[in-house]
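Undergrad: Sharing a structure below in structure tokens format, with a few things to ask.
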Amino acid sequence: MEIAVSELARRFGLQHHGEDAVIHGVSTLEQAGPGQLSFLASSKHLESAKSCRAGCLLVDEALAGEFPCSLASSNVYLDLARIMSLFEIPRGDFQGVSEMAFIHPEARLGEDVTVYPFAYVAARAGLEDGATVYPGCYVGEDCLVGRNSTLQPGAVLMPGTELGQGVILQPGAVVGGDGFGYAHTENGHVKIPQLGVVRVGDDVEIGANAAIDRASLDATTIGSGTKIDNLVQIAHNVRMGSHCLIVSQTGVAGSTKVGSNVVMGGQVGVADNIAIGSNVKLGAMAGVTNNVPDGFEGAGAPHLEKGRFQRTMAVFRKLPELSRRVRQLEKQVQDLARGHNPGDKND
Amino acid sequence: MEIAVSELARRFGLQHHGEDAVIHGVSTLEQAGPGQLSFLASSKHLESAKSCRAGCLLVDEALAGEFPCSLASSNVYLDLARIMSLFEIPRGDFQGVSEMAFIHPEARLGEDVTVYPFAYVAARAGLEDGATVYPGCYVGEDCLVGRNSTLQPGAVLMPGTELGQGVILQPGAVVGGDGFGYAHTENGHVKIPQLGVVRVGDDVEIGANAAIDRASLDATTIGSGTKIDNLVQIAHNVRMGSHCLIVSQTGVAGSTKVGSNVVMGGQVGVADNIAIGSNVKLGAMAGVTNNVPDGFEGAGAPHLEKGRFQRTMAVFRKLPELSRRVRQLEKQVQDLARGHNPGDKND
Amino acid sequence: MEIAVSELARRFGLQHHGEDAVIHGVSTLEQAGPGQLSFLASSKHLESAKSCRAGCLLVDEALAGEFPCSLASSNVYLDLARIMSLFEIPRGDFQGVSEMAFIHPEARLGEDVTVYPFAYVAARAGLEDGATVYPGCYVGEDCLVGRNSTLQPGAVLMPGTELGQGVILQPGAVVGGDGFGYAHTENGHVKIPQLGVVRVGDDVEIGANAAIDRASLDATTIGSGTKIDNLVQIAHNVRMGSHCLIVSQTGVAGSTKVGSNVVMGGQVGVADNIAIGSNVKLGAMAGVTNNVPDGFEGAGAPHLEKGRFQRTMAVFRKLPELSRRVRQLEKQVQDLARGHNPGDKND
């Protein structure tokens, strides 16, 4: 794949500054060579960009004109995504439905479905048009895999799970496993049957080895456009809104409601049975144990409002000094109480 | 499945208050309709329960009689589990031992065993009566899968692992992987062979994508009735007692002993080579680095006794104010020492 | 397998003290019997060692001569690893390339390669001499599995991943999944194609259900000799050096550089786009948000230098008392300011 910068400008509606060049790939500022395009989303890396050897730079509009050849964008990452998609290596060494797969006679397969060897599609499961199921995947009974959705190798849908359109399950993701629910008795924990399902909206991506549990009753739901990173845990009965970004190793406990456009940094923990508003941002490793309102920004465990967390940690880091100052004060006050002026000592 | 409330009362020994009704399912207080049963374990949600449209409520004995139709229970969750099990959708679109599975000629299979396509049962592995192995599972050499135990899709037992009866491995759970043990030399880390195994008791459940490592010598053990949630890590040589509840994303490091009836909240971390007593409760995200005695309740990382943790966090949240107060005190004491009365300034 | 202690001494260049004995296994100090060897790396467990029933003790040179039969070593764990390797149970109930595997006609297989049933080896993938691919594994297009490397059951290599020699992927490990990269628009998050790969050096071990994402451009790299534990997350574009030890459930965020010989305890979190030097040690649960230099030892989240962390936590644990002391000081200073001597009250 080779394409002229002028052609990229035309195709994606970008403004072309400077010379033309032919591009055959995309690379980082450090690595890019003359035949490659690189990018600069802010002035932060301006120095690196100036010494970059890339044939063309995709840059924020404010930075256009600073380089011999650039494309100006109002959303660098979006246009980068578009340009990068031109250079994707086409994959798919297998097409059609393999005879080495197991397709239950009662399964329903749409048009242009791909089922790799060693995939299992159970009774009454449906694969809509354009769905792809890689090796080692399990699509349980009564599951629905929406149009153009993909189950990468080893992904598992337990019975009754429903995926919308354009969903991507990365390798090893498990959707619809039983929730962690037990009745406690003198003789031990008795499993509460998990009768509900998981419903996943459109354009959701679920990372490698993530786990999303089925509801005990009703449904665990993930709204459209939400992106879930690797090794995330979503417990039973969670209701998560749309367009959330849930970074790796985060866990959301049972029956918690999460609004839309919520961002959770890595390794966040959210307690059970609480409500997280929309447009909430939780810093990495935050631990949230209470409801938080729309637009809240939190950090720390247990969480604080972000500004307070930063001020609190600034004191926290100096606790040894604070402790020493209090000890000093105690001494001084004792001296004052005795009628000695603590200042005298230093005279 | 349809059943009269009076019949549920009879079958499970519950006291029936009010009218009779026919039930065809179970749902939440918010979602339940006239043909469904819902439940109320405490007075916390009494208001929701009063406006609930459920045909019948399963309630704690103290709350019976408050509703047009109720079943009174001394253990609501236990009776809920029993009633819910009536409404489980029967699964199992495959029976018997698939010709698309690999069964080593030296494997031993009991009666009524189910082995799905694409399962691998290795040499000298034993599947006891009623065991079920789903697609994509691997049962390594010399493993034992106890009576009525189930390996859900993609679960892996590495060689020599022993599971008791009625054990459930959720999808992607790995039991018996090598422990993280290396000898350190000038030329790098040399792998210490992990010669031990994992032994899992009866009625244990292990969550999706959890990992339990084999011992370096001897055995990593999980006691009967212990329930382990998704994405939990149990390191080599851990000895965990019975009836523990280990919530998602918790990690227990090598050679640590854990008593029985221990509850660990989500994302707990327990250090290596320590001893956790029985009946211990660790709050979510607790980090335990020292031995803790029977009955201990802890929180925080590094952990504190729960009450102290709460008092400590109450001060922690106000550290900016505490710091300001100390600064103010310093000023006042300095003024006093100079012979000024700090109060004067405000006169 | 049976071997005389004198023969072990000869074979591994160890000094033999006391009697000879025949050994048929290795066990812990508590469990070892007369026919087994046990070990003692430091004087910490000297008491247990003295009452140990083992036929022979492998001990640090400083401790030799204290026991009826011992082997003295300058690196106990290294010699233990060597001796234990004699007692490994030979595994491998399958040899050769199974007809129940899927090998793409364009895949390239070296000599003495083992491919189990239900493994998928894609187009242009290469398995070098002695490579082993267990059931349920997926080796994507253009992957390279180096000489004598092993993919344990259910491990996944997404397209273009390269493994060096002697690499071990434990069950369910996923290498080369898409990084978590999106362009943010008013209409939601648009996936940025992840065009890069993962390159893994020689003698790397990657734990069960760990996830290492491909780069967005270029390569995520893991240096030779680095050992990664279960359930670890390595995000896209990370460049990790050699001989690191990354303990379970740790996460390293995108584009971060990690030096060599770095040790991260369990559940550590490292932010994106930072630089961690070489020979760095991070305590369990540390959260690192800034660059740290070579040789740094850190703990806590956000991290502090280890000594400061310990002093800070010592004060933290006593925050309720510190708060009380400040309140007391405020009262005393108020009294002093009013002209009362706080001491008077107690007279």
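Residue numbering restarts at 1 in every chain; chains get A, B, ... in the order shown in the structure tokens, and ligands count up from 1 in that same order.
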Quick one: everything within 10 Å of stretch 14-26 of chain A, counting only C-alpha atoms, minus sequence neighbours fewer than 6 positions away in the same chain. Send it as an mmCIF file with all heavy atoms, in the first residue's frame.
TA:
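The resulting file, around_26.cif, is reproduced below:
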data_model
loop_
_atom_site.group_PDB
_atom_site.id
_atom_site.type_symbol
_atom_site.label_atom_id
_atom_site.label_comp_id
_atom_site.auth_asym_id
_atom_site.auth_seq_id
_atom_site.Cartn_x
_atom_site.Cartn_y
_atom_site.Cartn_z
ATOM 1 N N MET A 1 0.848 -1.209 0.000
ATOM 2 C CA MET A 1 0.000 0.000 0.000
ATOM 3 C C MET A 1 0.878 1.253 0.000
ATOM 4 O O MET A 1 1.705 1.441 0.889
ATOM 5 C CB MET A 1 -0.881 -0.029 1.270
ATOM 6 C CG MET A 1 -1.664 1.248 1.520
ATOM 7 S SD MET A 1 -3.043 1.393 0.333
ATOM 8 C CE MET A 1 -3.460 3.124 0.520
ATOM 9 N N GLU A 2 0.691 2.046 -1.007
ATOM 10 C CA GLU A 2 1.388 3.333 -1.103
ATOM 11 C C GLU A 2 0.363 4.403 -1.436
ATOM 12 O O GLU A 2 -0.550 4.171 -2.234
ATOM 13 C CB GLU A 2 2.420 3.309 -2.233
ATOM 14 C CG GLU A 2 3.702 2.595 -1.865
ATOM 15 C CD GLU A 2 4.789 2.934 -2.870
ATOM 16 O OE1 GLU A 2 4.465 3.429 -3.968
ATOM 17 O OE2 GLU A 2 5.960 2.706 -2.538
ATOM 18 N N ILE A 3 0.510 5.576 -0.861
ATOM 19 C CA ILE A 3 -0.472 6.628 -1.136
ATOM 20 C C ILE A 3 0.210 7.994 -1.000
ATOM 21 O O ILE A 3 1.089 8.176 -0.143
ATOM 22 C CB ILE A 3 -1.695 6.495 -0.192
ATOM 23 C CG1 ILE A 3 -2.824 7.436 -0.630
ATOM 24 C CG2 ILE A 3 -1.315 6.723 1.259
ATOM 25 C CD1 ILE A 3 -4.165 7.114 0.025
ATOM 26 N N ALA A 4 -0.168 8.909 -1.858
ATOM 27 C CA ALA A 4 0.401 10.258 -1.814
ATOM 28 C C ALA A 4 -0.260 11.062 -0.697
ATOM 29 O O ALA A 4 -1.441 10.886 -0.404
ATOM 30 C CB ALA A 4 0.195 10.960 -3.148
ATOM 31 N N VAL A 5 0.511 11.946 -0.107
ATOM 32 C CA VAL A 5 -0.020 12.811 0.950
ATOM 33 C C VAL A 5 -1.184 13.641 0.392
ATOM 34 O O VAL A 5 -2.212 13.827 1.061
ATOM 35 C CB VAL A 5 1.100 13.712 1.513
ATOM 36 C CG1 VAL A 5 0.531 14.760 2.456
ATOM 37 C CG2 VAL A 5 2.158 12.853 2.225
ATOM 38 N N SER A 6 -1.041 14.097 -0.824
ATOM 39 C CA SER A 6 -2.116 14.897 -1.430
ATOM 40 C C SER A 6 -3.413 14.077 -1.532
ATOM 41 O O SER A 6 -4.511 14.604 -1.349
ATOM 42 C CB SER A 6 -1.692 15.395 -2.817
ATOM 43 O OG SER A 6 -1.180 14.310 -3.582
ATOM 44 N N GLU A 7 -3.249 12.792 -1.794
ATOM 45 C CA GLU A 7 -4.413 11.912 -1.895
ATOM 46 C C GLU A 7 -5.029 11.686 -0.498
ATOM 47 O O GLU A 7 -6.252 11.646 -0.342
ATOM 48 C CB GLU A 7 -4.008 10.574 -2.536
ATOM 49 C CG GLU A 7 -5.028 9.465 -2.489
ATOM 50 C CD GLU A 7 -6.308 9.775 -3.240
ATOM 51 O OE1 GLU A 7 -6.326 10.749 -4.023
ATOM 52 O OE2 GLU A 7 -7.314 9.060 -3.023
ATOM 53 N N LEU A 8 -4.189 11.545 0.522
ATOM 54 C CA LEU A 8 -4.700 11.439 1.904
ATOM 55 C C LEU A 8 -5.508 12.691 2.253
ATOM 56 O O LEU A 8 -6.587 12.603 2.865
ATOM 57 C CB LEU A 8 -3.546 11.281 2.907
ATOM 58 C CG LEU A 8 -2.834 9.925 2.944
ATOM 59 C CD1 LEU A 8 -1.618 9.999 3.873
ATOM 60 C CD2 LEU A 8 -3.775 8.817 3.407
ATOM 61 N N ALA A 32 10.009 6.943 12.590
ATOM 62 C CA ALA A 32 9.525 7.138 11.231
ATOM 63 C C ALA A 32 10.652 7.503 10.265
ATOM 64 O O ALA A 32 11.557 8.267 10.606
ATOM 65 C CB ALA A 32 8.449 8.218 11.209
ATOM 66 N N GLY A 33 10.583 6.992 9.050
ATOM 67 C CA GLY A 33 11.515 7.329 7.983
ATOM 68 C C GLY A 33 10.800 8.111 6.887
ATOM 69 O O GLY A 33 9.600 8.375 6.992
ATOM 70 N N PRO A 34 11.537 8.450 5.826
ATOM 71 C CA PRO A 34 10.995 9.314 4.774
ATOM 72 C C PRO A 34 9.710 8.791 4.121
ATOM 73 O O PRO A 34 8.888 9.581 3.684
ATOM 74 C CB PRO A 34 12.135 9.384 3.751
ATOM 75 C CG PRO A 34 13.371 9.073 4.532
ATOM 76 C CD PRO A 34 12.955 8.115 5.591
ATOM 77 N N GLY A 35 9.540 7.471 4.054
ATOM 78 C CA GLY A 35 8.337 6.934 3.418
ATOM 79 C C GLY A 35 7.184 6.752 4.374
ATOM 80 O O GLY A 35 6.181 6.139 4.026
ATOM 81 N N GLN A 36 7.316 7.261 5.591
ATOM 82 C CA GLN A 36 6.269 7.028 6.584
ATOM 83 C C GLN A 36 5.652 8.334 7.068
ATOM 84 O O GLN A 36 6.290 9.391 7.044
ATOM 85 C CB GLN A 36 6.848 6.247 7.768
ATOM 86 C CG GLN A 36 7.235 4.814 7.378
ATOM 87 C CD GLN A 36 7.877 4.079 8.525
ATOM 88 O OE1 GLN A 36 8.898 4.534 9.062
ATOM 89 N NE2 GLN A 36 7.299 2.964 8.906
ATOM 90 N N LEU A 37 4.428 8.216 7.532
ATOM 91 C CA LEU A 37 3.739 9.341 8.148
ATOM 92 C C LEU A 37 3.859 9.207 9.664
ATOM 93 O O LEU A 37 3.791 8.105 10.202
ATOM 94 C CB LEU A 37 2.276 9.336 7.718
ATOM 95 C CG LEU A 37 1.335 10.376 8.356
ATOM 96 C CD1 LEU A 37 0.394 10.954 7.287
ATOM 97 C CD2 LEU A 37 0.499 9.749 9.465
ATOM 98 N N SER A 38 4.081 10.325 10.357
ATOM 99 C CA SER A 38 4.005 10.306 11.809
ATOM 100 C C SER A 38 3.010 11.381 12.248
ATOM 101 O O SER A 38 2.331 11.976 11.399
ATOM 102 C CB SER A 38 5.380 10.491 12.432
ATOM 103 O OG SER A 38 5.331 10.131 13.805
ATOM 104 N N PHE A 39 2.896 11.621 13.546
ATOM 105 C CA PHE A 39 1.806 12.508 13.999
ATOM 106 C C PHE A 39 2.196 13.257 15.256
ATOM 107 O O PHE A 39 3.072 12.820 16.012
ATOM 108 C CB PHE A 39 0.533 11.693 14.231
ATOM 109 C CG PHE A 39 0.720 10.645 15.290
ATOM 110 C CD1 PHE A 39 0.294 10.870 16.601
ATOM 111 C CD2 PHE A 39 1.322 9.432 14.994
ATOM 112 C CE1 PHE A 39 0.488 9.907 17.585
ATOM 113 C CE2 PHE A 39 1.512 8.470 15.976
ATOM 114 C CZ PHE A 39 1.101 8.706 17.267
ATOM 115 N N ALA A 54 10.128 11.668 9.310
ATOM 116 C CA ALA A 54 8.944 11.202 8.589
ATOM 117 C C ALA A 54 8.725 11.993 7.306
ATOM 118 O O ALA A 54 9.009 13.193 7.248
ATOM 119 C CB ALA A 54 7.706 11.334 9.483
ATOM 120 N N GLY A 55 8.183 11.325 6.293
ATOM 121 C CA GLY A 55 7.871 11.992 5.032
ATOM 122 C C GLY A 55 6.762 13.005 5.196
ATOM 123 O O GLY A 55 6.692 13.992 4.449
ATOM 124 N N CYS A 56 5.881 12.783 6.171
ATOM 125 C CA CYS A 56 4.767 13.691 6.411
ATOM 126 C C CYS A 56 4.347 13.611 7.864
ATOM 127 O O CYS A 56 4.416 12.542 8.472
ATOM 128 C CB CYS A 56 3.590 13.307 5.502
ATOM 129 S SG CYS A 56 2.113 14.308 5.793
ATOM 130 N N LEU A 57 3.919 14.734 8.408
ATOM 131 C CA LEU A 57 3.399 14.750 9.777
ATOM 132 C C LEU A 57 1.921 15.105 9.759
ATOM 133 O O LEU A 57 1.526 16.101 9.127
ATOM 134 C CB LEU A 57 4.162 15.761 10.626
ATOM 135 C CG LEU A 57 5.531 15.307 11.119
ATOM 136 C CD1 LEU A 57 6.266 16.466 11.762
ATOM 137 C CD2 LEU A 57 5.398 14.163 12.131
ATOM 138 N N LEU A 58 1.135 14.305 10.458
ATOM 139 C CA LEU A 58 -0.265 14.637 10.708
ATOM 140 C C LEU A 58 -0.283 15.431 12.004
ATOM 141 O O LEU A 58 0.149 14.917 13.043
ATOM 142 C CB LEU A 58 -1.079 13.345 10.838
ATOM 143 C CG LEU A 58 -2.540 13.492 11.263
ATOM 144 C CD1 LEU A 58 -3.372 14.121 10.161
ATOM 145 C CD2 LEU A 58 -3.105 12.127 11.655
ATOM 146 N N GLU A 61 -4.207 21.408 13.926
ATOM 147 C CA GLU A 61 -4.298 22.582 13.052
ATOM 148 C C GLU A 61 -3.388 23.714 13.515
ATOM 149 O O GLU A 61 -2.793 24.428 12.691
ATOM 150 C CB GLU A 61 -5.750 23.078 13.009
ATOM 151 C CG GLU A 61 -6.619 22.183 12.125
ATOM 152 C CD GLU A 61 -8.098 22.453 12.313
ATOM 153 O OE1 GLU A 61 -8.456 23.074 13.329
ATOM 154 O OE2 GLU A 61 -8.890 22.045 11.451
ATOM 155 N N ALA A 64 0.185 23.367 12.081
ATOM 156 C CA ALA A 64 0.438 23.206 10.652
ATOM 157 C C ALA A 64 1.378 24.296 10.179
ATOM 158 O O ALA A 64 1.472 25.369 10.762
ATOM 159 C CB ALA A 64 -0.876 23.273 9.876
ATOM 160 N N GLY A 65 2.092 24.018 9.107
ATOM 161 C CA GLY A 65 2.977 25.032 8.532
ATOM 162 C C GLY A 65 4.351 25.060 9.153
ATOM 163 O O GLY A 65 5.260 25.703 8.642
ATOM 164 N N GLU A 66 4.536 24.327 10.239
ATOM 165 C CA GLU A 66 5.858 24.300 10.895
ATOM 166 C C GLU A 66 6.780 23.262 10.272
ATOM 167 O O GLU A 66 7.928 23.143 10.670
ATOM 168 C CB GLU A 66 5.691 23.965 12.388
ATOM 169 C CG GLU A 66 4.791 24.913 13.135
ATOM 170 C CD GLU A 66 5.545 25.597 14.275
ATOM 171 O OE1 GLU A 66 6.783 25.487 14.323
ATOM 172 O OE2 GLU A 66 4.879 26.231 15.106
ATOM 173 N N PHE A 67 6.233 22.456 9.345
ATOM 174 C CA PHE A 67 6.996 21.309 8.845
ATOM 175 C C PHE A 67 7.020 21.327 7.321
ATOM 176 O O PHE A 67 6.108 21.871 6.684
ATOM 177 C CB PHE A 67 6.360 20.022 9.350
ATOM 178 C CG PHE A 67 6.223 20.015 10.850
ATOM 179 C CD1 PHE A 67 5.024 20.379 11.459
ATOM 180 C CD2 PHE A 67 7.306 19.702 11.657
ATOM 181 C CE1 PHE A 67 4.906 20.402 12.838
ATOM 182 C CE2 PHE A 67 7.197 19.738 13.035
ATOM 183 C CZ PHE A 67 5.993 20.092 13.630
ATOM 184 N N PRO A 68 8.030 20.677 6.725
ATOM 185 C CA PRO A 68 8.130 20.670 5.258
ATOM 186 C C PRO A 68 6.901 20.056 4.587
ATOM 187 O O PRO A 68 6.503 20.490 3.516
ATOM 188 C CB PRO A 68 9.372 19.812 4.979
ATOM 189 C CG PRO A 68 10.138 19.776 6.258
ATOM 190 C CD PRO A 68 9.175 20.010 7.369
ATOM 191 N N CYS A 69 6.331 19.036 5.239
ATOM 192 C CA CYS A 69 5.136 18.389 4.673
ATOM 193 C C CYS A 69 4.231 17.977 5.816
ATOM 194 O O CYS A 69 4.623 17.155 6.639
ATOM 195 C CB CYS A 69 5.536 17.171 3.835
ATOM 196 S SG CYS A 69 4.117 16.182 3.321
ATOM 197 N N SER A 70 3.042 18.535 5.888
ATOM 198 C CA SER A 70 2.141 18.156 6.976
ATOM 199 C C SER A 70 0.691 18.120 6.512
ATOM 200 O O SER A 70 0.326 18.715 5.488
ATOM 201 C CB SER A 70 2.284 19.118 8.163
ATOM 202 O OG SER A 70 1.740 20.375 7.830
ATOM 203 N N LEU A 71 -0.103 17.395 7.262
ATOM 204 C CA LEU A 71 -1.555 17.366 7.083
ATOM 205 C C LEU A 71 -2.163 17.910 8.371
ATOM 206 O O LEU A 71 -1.856 17.422 9.461
ATOM 207 C CB LEU A 71 -2.052 15.931 6.850
ATOM 208 C CG LEU A 71 -1.699 15.304 5.503
ATOM 209 C CD1 LEU A 71 -1.992 13.802 5.523
ATOM 210 C CD2 LEU A 71 -2.465 15.988 4.377
ATOM 211 N N ALA A 72 -3.019 18.923 8.259
ATOM 212 C CA ALA A 72 -3.594 19.558 9.443
ATOM 213 C C ALA A 72 -4.959 18.944 9.748
ATOM 214 O O ALA A 72 -5.794 18.801 8.859
ATOM 215 C CB ALA A 72 -3.734 21.052 9.220
ATOM 216 N N SER A 73 -5.147 18.593 11.030
ATOM 217 C CA SER A 73 -6.372 17.909 11.435
ATOM 218 C C SER A 73 -6.979 18.578 12.664
ATOM 219 O O SER A 73 -6.257 19.090 13.522
ATOM 220 C CB SER A 73 -6.033 16.444 11.777
ATOM 221 O OG SER A 73 -7.083 15.862 12.521
ATOM 222 N N SER A 74 -8.301 18.568 12.754
ATOM 223 C CA SER A 74 -8.946 19.084 13.970
ATOM 224 C C SER A 74 -9.103 17.980 15.009
ATOM 225 O O SER A 74 -9.475 18.231 16.147
ATOM 226 C CB SER A 74 -10.307 19.681 13.626
ATOM 227 O OG SER A 74 -11.117 18.683 13.048
ATOM 228 N N ASP A 79 -8.147 11.162 12.722
ATOM 229 C CA ASP A 79 -7.611 11.049 11.368
ATOM 230 C C ASP A 79 -6.472 10.041 11.304
ATOM 231 O O ASP A 79 -6.294 9.355 10.300
ATOM 232 C CB ASP A 79 -7.203 12.433 10.857
ATOM 233 C CG ASP A 79 -8.434 13.282 10.539
ATOM 234 O OD1 ASP A 79 -9.360 12.736 9.890
ATOM 235 O OD2 ASP A 79 -8.498 14.445 10.949
ATOM 236 N N LEU A 80 -5.727 9.936 12.405
ATOM 237 C CA LEU A 80 -4.691 8.901 12.467
ATOM 238 C C LEU A 80 -5.328 7.514 12.350
ATOM 239 O O LEU A 80 -4.838 6.651 11.605
ATOM 240 C CB LEU A 80 -3.929 9.023 13.792
ATOM 241 C CG LEU A 80 -2.804 8.025 14.008
ATOM 242 C CD1 LEU A 80 -1.670 8.249 13.019
ATOM 243 C CD2 LEU A 80 -2.266 8.122 15.443
ATOM 244 N N ILE A 83 -6.243 6.950 8.741
ATOM 245 C CA ILE A 83 -5.078 6.700 7.881
ATOM 246 C C ILE A 83 -4.463 5.344 8.209
ATOM 247 O O ILE A 83 -4.115 4.574 7.299
ATOM 248 C CB ILE A 83 -4.039 7.842 8.042
ATOM 249 C CG1 ILE A 83 -4.624 9.156 7.491
ATOM 250 C CG2 ILE A 83 -2.728 7.489 7.340
ATOM 251 C CD1 ILE A 83 -3.783 10.394 7.785
ATOM 252 N N MET A 84 -4.369 5.027 9.508
ATOM 253 C CA MET A 84 -3.774 3.738 9.880
ATOM 254 C C MET A 84 -4.580 2.570 9.318
ATOM 255 O O MET A 84 -4.025 1.526 8.980
ATOM 256 C CB MET A 84 -3.650 3.607 11.397
ATOM 257 C CG MET A 84 -2.471 4.423 11.952
ATOM 258 S SD MET A 84 -2.426 4.455 13.767
ATOM 259 C CE MET A 84 -1.931 2.765 14.143
ATOM 260 N N LEU A 86 -5.767 2.247 6.568
ATOM 261 C CA LEU A 86 -5.329 1.931 5.201
ATOM 262 C C LEU A 86 -4.174 0.940 5.201
ATOM 263 O O LEU A 86 -3.939 0.242 4.217
ATOM 264 C CB LEU A 86 -4.864 3.207 4.483
ATOM 265 C CG LEU A 86 -5.885 4.333 4.340
ATOM 266 C CD1 LEU A 86 -5.235 5.528 3.657
ATOM 267 C CD2 LEU A 86 -7.089 3.842 3.533
ATOM 268 N N PHE A 87 -3.420 0.928 6.289
ATOM 269 C CA PHE A 87 -2.202 0.112 6.321
ATOM 270 C C PHE A 87 -2.355 -1.177 7.116
ATOM 271 O O PHE A 87 -1.382 -1.884 7.351
ATOM 272 C CB PHE A 87 -1.033 0.953 6.869
ATOM 273 C CG PHE A 87 -0.715 2.142 6.011
ATOM 274 C CD1 PHE A 87 -1.136 3.413 6.359
ATOM 275 C CD2 PHE A 87 -0.034 1.974 4.817
ATOM 276 C CE1 PHE A 87 -0.858 4.507 5.565
ATOM 277 C CE2 PHE A 87 0.258 3.066 4.005
ATOM 278 C CZ PHE A 87 -0.166 4.347 4.378
ATOM 279 N N GLU A 88 -3.580 -1.468 7.545
ATOM 280 C CA GLU A 88 -3.795 -2.745 8.244
ATOM 281 C C GLU A 88 -3.470 -3.910 7.317
ATOM 282 O O GLU A 88 -3.877 -3.924 6.158
ATOM 283 C CB GLU A 88 -5.257 -2.868 8.693
ATOM 284 C CG GLU A 88 -5.545 -2.100 9.956
ATOM 285 C CD GLU A 88 -6.906 -2.449 10.542
ATOM 286 O OE1 GLU A 88 -7.913 -1.937 10.033
ATOM 287 O OE2 GLU A 88 -6.943 -3.235 11.508
ATOM 288 N N LEU C 195 -1.396 -1.550 14.657
ATOM 289 C CA LEU C 195 -0.635 -2.122 13.546
ATOM 290 C C LEU C 195 0.666 -2.777 13.984
ATOM 291 O O LEU C 195 1.311 -3.455 13.188
ATOM 292 C CB LEU C 195 -0.297 -1.024 12.526
ATOM 293 C CG LEU C 195 -1.483 -0.261 11.929
ATOM 294 C CD1 LEU C 195 -0.980 0.723 10.873
ATOM 295 C CD2 LEU C 195 -2.473 -1.222 11.288
ATOM 296 N N SER C 216 0.611 -0.092 19.009
ATOM 297 C CA SER C 216 -0.206 0.574 18.000
ATOM 298 C C SER C 216 0.621 0.725 16.719
ATOM 299 O O SER C 216 0.113 0.577 15.613
ATOM 300 C CB SER C 216 -0.715 1.920 18.511
ATOM 301 O OG SER C 216 0.289 2.596 19.207
ATOM 302 N N LEU C 217 1.901 1.032 16.875
ATOM 303 C CA LEU C 217 2.861 1.078 15.775
ATOM 304 C C LEU C 217 4.077 0.348 16.313
ATOM 305 O O LEU C 217 4.215 0.191 17.508
ATOM 306 C CB LEU C 217 3.249 2.529 15.470
ATOM 307 C CG LEU C 217 2.082 3.443 15.077
ATOM 308 C CD1 LEU C 217 2.480 4.898 15.206
ATOM 309 C CD2 LEU C 217 1.653 3.124 13.643
ATOM 310 N N ASP C 218 4.973 -0.109 15.440
ATOM 311 C CA ASP C 218 6.221 -0.683 15.940
ATOM 312 C C ASP C 218 5.975 -1.920 16.819
ATOM 313 O O ASP C 218 5.215 -2.793 16.424
ATOM 314 C CB ASP C 218 6.963 0.409 16.702
ATOM 315 C CG ASP C 218 8.451 0.124 16.829
ATOM 316 O OD1 ASP C 218 8.935 -0.816 16.193
ATOM 317 O OD2 ASP C 218 9.114 0.851 17.580
#
Undergrad: Taking only C-alpha atoms into account and nothing else, which residues of chain B lie no more than 6 Å away from chain C? Please answer as a list in words.
TA: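 Selected residues: Gly136, Ala183, Gly188, Ile192, Pro193, Leu217, Thr312 and Asn341 of chain B.
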Undergrad: May I have all residues of stretch 31-74 of chain A that DSSP, computed from the backbone, assigns to helix (DSSP H, G or I), given as a short mmCIF file (atom, residue, chain, number, x, y, z; two decimals) with C-alpha atoms, in the first residue's frame?
TA:
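Saved to part-v8.cif:
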data_model
loop_
_atom_site.label_atom_id
_atom_site.label_comp_id
_atom_site.auth_asym_id
_atom_site.auth_seq_id
_atom_site.Cartn_x
_atom_site.Cartn_y
_atom_site.Cartn_z
CA SER A 43 2.98 20.91 21.08
CA LYS A 44 4.31 18.67 23.86
CA HIS A 45 6.57 16.70 21.52
CA LEU A 46 7.27 19.61 19.14
CA GLU A 47 11.05 19.23 19.48
CA SER A 48 10.98 15.55 18.57
CA ALA A 49 8.71 16.35 15.68
CA LYS A 50 11.13 18.92 14.31
CA GLU A 61 -4.30 22.58 13.05
CA ALA A 62 -2.46 24.96 15.37
CA LEU A 63 0.85 23.36 14.41
#
Undergrad: Between atom CA of B:Thr132 and atom CA of B:Gln165, measure the distance and give it in Å to one decimal.
TA: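 We find that atom CA of B:Thr132 and atom CA of B:Gln165 lie 11.7 Å from each other.
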Undergrad: Give the answer as one residue: which of C:Val200, C:Ala299, C:Ala314, C:Ala9 has the shortest atom-to-atom distance to C:Lys281, using only C-alpha atoms?
TA: C:Ala299
